>>> print(open('work.tsv').read())   # TSV, C-alpha atoms
chain	number	residue	atom	x	y	z
G	121	MET	CA	-28.66	28.12	22.42
G	122	LYS	CA	-28.36	30.02	19.17
G	123	THR	CA	-25.49	32.08	20.56
G	124	THR	CA	-23.65	28.97	21.77
G	125	ASN	CA	-24.01	27.21	18.43
G	126	SER	CA	-22.90	30.33	16.56
G	127	ASN	CA	-19.81	30.67	18.74
G	128	SER	CA	-19.02	26.99	18.32
G	129	ARG	CA	-19.23	27.27	14.53
G	130	ARG	CA	-16.97	30.32	14.57
G	131	THR	CA	-14.43	28.46	16.73
G	132	PHE	CA	-14.48	25.49	14.38
G	133	LEU	CA	-14.13	27.60	11.23
G	134	GLY	CA	-11.47	29.74	12.87
G	135	ALA	CA	-9.43	26.67	13.70
G	136	LEU	CA	-9.66	25.56	10.09
G	137	ALA	CA	-8.61	28.97	8.82
G	138	LEU	CA	-5.62	29.08	11.16
G	139	GLY	CA	-4.42	25.73	9.92
G	140	THR	CA	-5.28	23.61	12.93
G	141	VAL	CA	-6.61	21.02	10.50
G	142	ALA	CA	-4.87	20.15	7.27
G	143	GLY	CA	-4.72	17.35	4.78
G	144	GLY	CA	-8.36	16.77	3.90
G	145	LEU	CA	-10.98	14.70	5.63
G	146	SER	CA	-8.59	12.58	7.65
G	147	ALA	CA	-7.20	15.84	9.13
G	148	LEU	CA	-4.91	14.72	11.90
G	149	PRO	CA	-2.69	17.11	13.85
G	150	GLY	CA	1.04	16.59	13.57
G	151	LYS	CA	3.09	14.90	10.90
G	152	ALA	CA	2.11	11.59	9.32
G	153	GLU	CA	5.13	9.84	10.79
G	154	GLU	CA	3.93	10.84	14.28
G	155	MET	CA	0.56	9.12	13.84
G	156	PRO	CA	-0.13	5.69	15.31
G	157	ALA	CA	0.16	3.01	12.64
G	158	ASP	CA	-3.53	2.11	12.85
G	159	LEU	CA	-4.50	5.68	11.87
G	160	LYS	CA	-2.35	5.93	8.75
G	161	GLY	CA	-4.87	5.49	5.97
G	162	LYS	CA	-6.88	2.65	7.51
G	163	SER	CA	-9.78	4.59	8.99
G	164	LEU	CA	-11.46	5.39	5.65
G	165	HIS	CA	-11.48	1.75	4.50
G	166	GLU	CA	-12.61	0.46	7.89
G	167	ALA	CA	-15.39	3.03	8.07
G	168	ASP	CA	-16.72	2.07	4.65
G	169	GLU	CA	-16.72	-1.58	5.71
G	170	TRP	CA	-18.48	-0.68	8.95
G	171	PHE	CA	-21.44	0.77	7.05
G	172	LYS	CA	-22.06	-2.64	5.52
G	173	GLY	CA	-23.35	-3.66	8.95
G	174	ILE	CA	-26.55	-1.67	8.40
G	175	LYS	CA	-29.41	-4.16	8.29
G	176	GLY	CA	-33.16	-4.59	8.32
G	177	SER	CA	-36.21	-2.98	6.76
G	178	HIS	CA	-36.20	0.04	9.10
G	179	ARG	CA	-33.08	2.19	8.85
G	180	ILE	CA	-32.45	5.68	10.18
G	181	VAL	CA	-29.49	7.94	10.91
G	182	TYR	CA	-29.56	10.64	13.57
G	183	ASP	CA	-27.40	13.70	13.02
G	184	GLY	CA	-25.97	14.40	16.48
G	185	SER	CA	-24.24	17.73	15.98
G	186	THR	CA	-24.71	19.10	19.52
G	187	PRO	CA	-25.13	17.49	22.97
G	188	HIS	CA	-28.82	18.54	23.11
G	189	ASP	CA	-29.38	16.90	26.51
G	190	GLY	CA	-28.62	13.45	25.09
G	191	PHE	CA	-31.29	13.48	22.38
G	192	PRO	CA	-28.93	12.11	19.70
G	193	ILE	CA	-29.00	8.94	21.82
G	194	ILE	CA	-32.59	9.24	23.10
G	195	TRP	CA	-34.08	9.34	19.59
G	196	ASN	CA	-32.16	6.21	18.69
G	197	TRP	CA	-33.73	4.42	21.65
G	198	VAL	CA	-37.18	5.78	20.67
G	199	PHE	CA	-36.72	4.36	17.16
G	200	TYR	CA	-36.17	0.85	18.58
G	201	LEU	CA	-38.96	1.21	21.13
G	202	THR	CA	-41.64	2.29	18.68
G	203	ASN	CA	-40.62	-0.14	15.95
G	204	ASN	CA	-40.83	-2.93	18.52
G	205	GLN	CA	-44.27	-1.67	19.52
G	206	THR	CA	-45.42	-1.87	15.90
G	207	GLY	CA	-44.21	-5.43	15.42
G	208	SER	CA	-40.60	-5.17	14.24
G	209	PRO	CA	-37.87	-7.07	16.13
G	210	ASP	CA	-34.46	-5.55	16.75
G	211	SER	CA	-33.05	-7.76	14.00
G	212	ASP	CA	-35.08	-5.81	11.43
G	213	ILE	CA	-33.96	-2.39	12.68
G	214	THR	CA	-30.85	-0.22	12.37
G	215	GLY	CA	-30.72	3.03	14.29
G	216	MET	CA	-27.49	4.94	13.74
G	217	THR	CA	-26.23	8.04	15.54
G	218	VAL	CA	-23.46	10.16	14.06
G	219	LEU	CA	-21.69	12.05	16.84
G	220	ARG	CA	-20.07	15.11	15.30
G	221	HIS	CA	-19.26	18.78	15.96
G	222	SER	CA	-19.88	19.44	19.68
G	223	ALA	CA	-21.52	16.07	20.44
G	224	ILE	CA	-18.26	14.13	20.08
G	225	PRO	CA	-17.70	13.79	23.87
G	226	PHE	CA	-20.44	11.14	24.01
G	227	ALA	CA	-18.10	8.86	22.05
G	228	LEU	CA	-15.35	9.15	24.69
G	229	GLU	CA	-14.70	7.07	27.79
G	230	ASN	CA	-14.84	8.52	31.29
G	231	ARG	CA	-11.04	8.63	31.50
G	232	ILE	CA	-11.00	11.40	28.88
G	233	TRP	CA	-13.74	13.34	30.66
G	234	GLU	CA	-11.78	13.13	33.91
G	235	LYS	CA	-8.41	14.04	32.38
G	236	TYR	CA	-9.52	16.98	30.22
G	237	PRO	CA	-12.06	19.81	30.77
G	238	ILE	CA	-14.65	18.14	28.53
G	239	GLY	CA	-17.70	19.27	30.47
G	240	GLU	CA	-16.52	22.88	30.60
G	241	VAL	CA	-15.46	23.08	26.95
G	242	PHE	CA	-18.62	21.47	25.54
G	243	GLY	CA	-21.09	22.88	28.06
G	244	ILE	CA	-22.22	19.51	29.44
G	245	ASN	CA	-23.29	19.55	33.09
G	246	ASP	CA	-23.81	16.63	35.44
G	247	LYS	CA	-27.51	16.59	36.26
G	248	ALA	CA	-26.84	15.52	39.84
G	249	THR	CA	-24.12	18.02	40.76
G	250	LYS	CA	-25.18	20.82	38.35
G	251	THR	CA	-21.49	21.33	37.58
G	252	ALA	CA	-19.39	20.50	34.52
G	253	SER	CA	-19.58	16.76	33.99
G	254	LYS	CA	-16.54	14.59	34.65
G	255	ARG	CA	-18.06	11.50	33.04
G	256	ASN	CA	-19.95	10.40	29.95
G	257	PRO	CA	-23.60	10.37	31.08
G	258	TYR	CA	-25.01	8.47	28.11
G	259	TYR	CA	-22.78	5.42	27.62
G	260	GLU	CA	-23.81	3.62	30.80
G	261	PRO	CA	-26.28	6.14	32.27
G	262	GLN	CA	-26.88	6.52	35.97
G	263	PRO	CA	-30.31	7.23	37.49
G	264	GLY	CA	-31.36	10.74	36.57
G	265	ASP	CA	-29.15	11.09	33.48
G	266	PHE	CA	-32.09	10.49	31.13
G	267	PRO	CA	-35.56	12.05	31.51
G	268	LEU	CA	-37.13	8.57	31.87
G	269	PRO	CA	-35.55	5.66	33.76
G	270	GLN	CA	-36.31	3.09	31.03
G	271	MET	CA	-34.27	4.94	28.42
G	272	GLU	CA	-31.15	3.08	27.31
G	273	GLY	CA	-27.62	4.35	26.82
G	274	ILE	CA	-25.14	3.76	24.04
G	275	LYS	CA	-23.77	0.47	25.38
G	276	ARG	CA	-27.19	-1.17	25.70
G	277	LEU	CA	-28.32	0.16	22.32
G	278	GLN	CA	-25.19	-1.27	20.71
G	279	GLU	CA	-26.10	-4.66	22.16
G	280	ARG	CA	-29.45	-4.35	20.38
G	281	GLY	CA	-27.81	-3.53	17.04
G	282	ALA	CA	-27.69	0.27	17.07
G	283	MET	CA	-24.63	1.84	15.45
G	284	PHE	CA	-22.64	4.84	16.64
G	285	CYS	CA	-19.78	6.67	14.96
G	286	VAL	CA	-17.72	9.76	15.73
G	287	CYS	CA	-16.24	12.48	13.54
G	288	GLU	CA	-12.44	12.30	13.33
G	289	LEU	CA	-12.24	15.85	12.01
G	290	ALA	CA	-14.10	17.24	15.03
G	291	LEU	CA	-11.90	15.19	17.37
G	292	SER	CA	-8.86	16.72	15.70
G	293	VAL	CA	-10.09	20.32	15.84
G	294	ASN	CA	-11.40	20.16	19.40
G	295	SER	CA	-8.53	18.19	20.89
G	296	SER	CA	-6.14	20.77	19.41
G	297	ARG	CA	-8.20	23.56	20.95
G	298	VAL	CA	-8.17	21.87	24.37
G	299	ALA	CA	-4.45	21.11	24.08
G	300	LYS	CA	-3.70	24.80	23.61
G	301	GLN	CA	-5.86	25.69	26.62
G	302	ILE	CA	-3.99	23.30	28.92
G	303	GLY	CA	-0.53	23.70	27.40
G	304	LYS	CA	-0.20	20.21	25.92
G	305	ASP	CA	1.00	18.93	22.55
G	306	PRO	CA	-1.98	18.78	20.13
G	307	THR	CA	-0.87	15.51	18.52
G	308	GLU	CA	-0.48	13.87	21.92
G	309	VAL	CA	-3.92	14.99	23.05
G	310	PHE	CA	-5.54	13.96	19.77
G	311	ASN	CA	-4.04	10.47	19.97
G	312	ASP	CA	-5.18	10.20	23.58
G	313	TRP	CA	-8.75	11.12	22.59
G	314	VAL	CA	-8.74	8.59	19.77
G	315	SER	CA	-7.49	5.92	22.18
G	316	GLY	CA	-10.43	6.85	24.42
G	317	VAL	CA	-13.15	6.27	21.83
G	318	LEU	CA	-15.57	3.79	23.40
G	319	PRO	CA	-15.78	0.16	22.23
G	320	GLY	CA	-17.84	-0.35	19.10
G	321	ILE	CA	-17.98	3.33	18.17
G	322	GLN	CA	-16.53	3.74	14.69
G	323	LEU	CA	-14.11	6.54	13.85
G	324	VAL	CA	-15.17	8.17	10.56
G	325	PRO	CA	-13.35	10.82	8.49
G	326	SER	CA	-16.09	13.37	9.18
G	327	GLY	CA	-19.62	13.39	10.47
G	328	VAL	CA	-21.07	14.74	7.25
G	329	TRP	CA	-19.22	12.01	5.32
G	330	ALA	CA	-20.88	9.46	7.59
G	331	LEU	CA	-24.32	11.00	7.14
G	332	GLY	CA	-23.90	10.70	3.39
G	333	ARG	CA	-22.76	7.08	3.61
G	334	ALA	CA	-25.68	6.17	5.88
G	335	GLN	CA	-28.19	7.59	3.40
G	336	GLU	CA	-26.46	5.75	0.55
G	337	HIS	CA	-27.14	2.57	2.58
G	338	GLY	CA	-30.85	3.33	2.81
G	339	CYS	CA	-31.07	5.21	6.11
G	340	GLY	CA	-33.58	8.02	6.52
G	341	TYR	CA	-32.11	11.24	7.90
G	342	VAL	CA	-33.22	12.94	11.13
G	343	PHE	CA	-31.55	15.99	12.66
G	344	ALA	CA	-31.04	15.40	16.39
G	345	GLY	CA	-28.75	18.24	17.34
G	346	GLY	CA	-31.25	20.68	18.75
>>> encode(input="work.tsv", output="structure tokens")
Amino acid sequence: MKTTNSNSRRTFLGALALGTVAGGLSALPGKAEEMPADLKGKSLHEADEWFKGIKGSHRIVYDGSTPHDGFPIIWNWVFYLTNNQTGSPDSDITGMTVLRHSAIPFALENRIWEKYPIGEVFGINDKATKTASKRNPYYEPQPGDFPLPQMEGIKRLQERGAMFCVCELALSVNSSRVAKQIGKDPTEVFNDWVSGVLPGIQLVPSGVWALGRAQEHGCGYVFAGG
């Protein structure tokens, strides 16, 4: 695990050094005029507004920097479960998960997993087939995806009030890396990944930006990356 994380960090920093990402936190590949209109300067404002949805007496943000067998999502579910058990309704709880670095695939729909080598690149295996996953196992989990059958995926947690966001910078860096591997245009692949972000998951300039904003809104911090 330590070797994998170290290699991942070197890949990320190497991409930055080579100029894969430019232009600050919004860091999109390609020229500004090639970006979809809804990504030209709107994401920062929308993300700040999104954080105003944090509610309740019990607030926490999970730092999901690696896949870690789904624990960035599992701990969110545990937060709701145990607060419920101690008398707090969902309406008085906000559990947030920031999907960043190598955990960003959990923010993407199955179409992206099927179209690109997501499982291979991020080291995420399907528990049933023991091969590189071709689907997102934690949005609408199938039997066996989680260690316990009662655990809830992203979609169900969102219905309960949990909040999930994904790092735009990591999407940019990693989509560019995958584009080069498969011989595609980096801007095209990046835009495809952004279009595949799951409903209700907020695009944020960077994961660390989001972690800071969450704490400014009263969320306690928990590292969930493994």
>>> closest_residue(input="work.tsv", among="G:Ala227, G:Gly176, G:Ala290, G:Asp305", to="G:Glu260", atoms="all atoms listed in the file")
G:Ala227
>>> residues_around(input="work.tsv", residues="stretch 230-244 of chain G", least_positions_apart="6", cutoff="7 Å", atoms="all atoms listed in the file", output="list in words")
Ser222, Ala252, Ser253, Lys254, Arg255, Asn256, Trp313 and Gly316 of chain G
>>> closest_residue(input="work.tsv", among="G:Pro187, G:Ala334, G:Val328, G:Ala167", to="G:Asn245", atoms="all atoms listed in the file")
G:Pro187
>>> atom_distance(input="work.tsv", atom1="atom CA of G:Trp170", atom2="atom CA of G:Met283")
9.3 Å
>>> closest_residue(input="work.tsv", among="G:Phe191, G:Phe284, G:Tyr200, G:Tyr258", to="G:Gly346", atoms="all atoms listed in the file")
G:Phe191
>>> atom_distance(input="work.tsv", atom1="atom CA of G:Arg220", atom2="atom CA of G:Val181")
12.6 Å
>>> residues_near_point(input="work.tsv", point="(-28.3, -2.9, 17.5)", cutoff="8 Å", atoms="all atoms listed in the file", output="list in words")
Asp210, Ser211, Ile213, Thr214, Gly215, Leu277, Gln278, Glu279, Arg280, Gly281, Ala282 and Met283 of chain G
>>> write_last_selection(input="work.tsv", atoms="C-alpha atoms", output="compact mmCIF listing (two decimals), keeping the file's coordinate frame")
# COMPACT_ATOMS: atom_id res chain seq x y z
CA ASP G 210 -34.46 -5.55 16.75
CA SER G 211 -33.05 -7.76 14.00
CA ILE G 213 -33.96 -2.39 12.68
CA THR G 214 -30.85 -0.22 12.37
CA GLY G 215 -30.72 3.03 14.29
CA LEU G 277 -28.32 0.16 22.32
CA GLN G 278 -25.19 -1.27 20.71
CA GLU G 279 -26.10 -4.66 22.16
CA ARG G 280 -29.45 -4.35 20.38
CA GLY G 281 -27.81 -3.53 17.04
CA ALA G 282 -27.69 0.27 17.07
CA MET G 283 -24.63 1.84 15.45
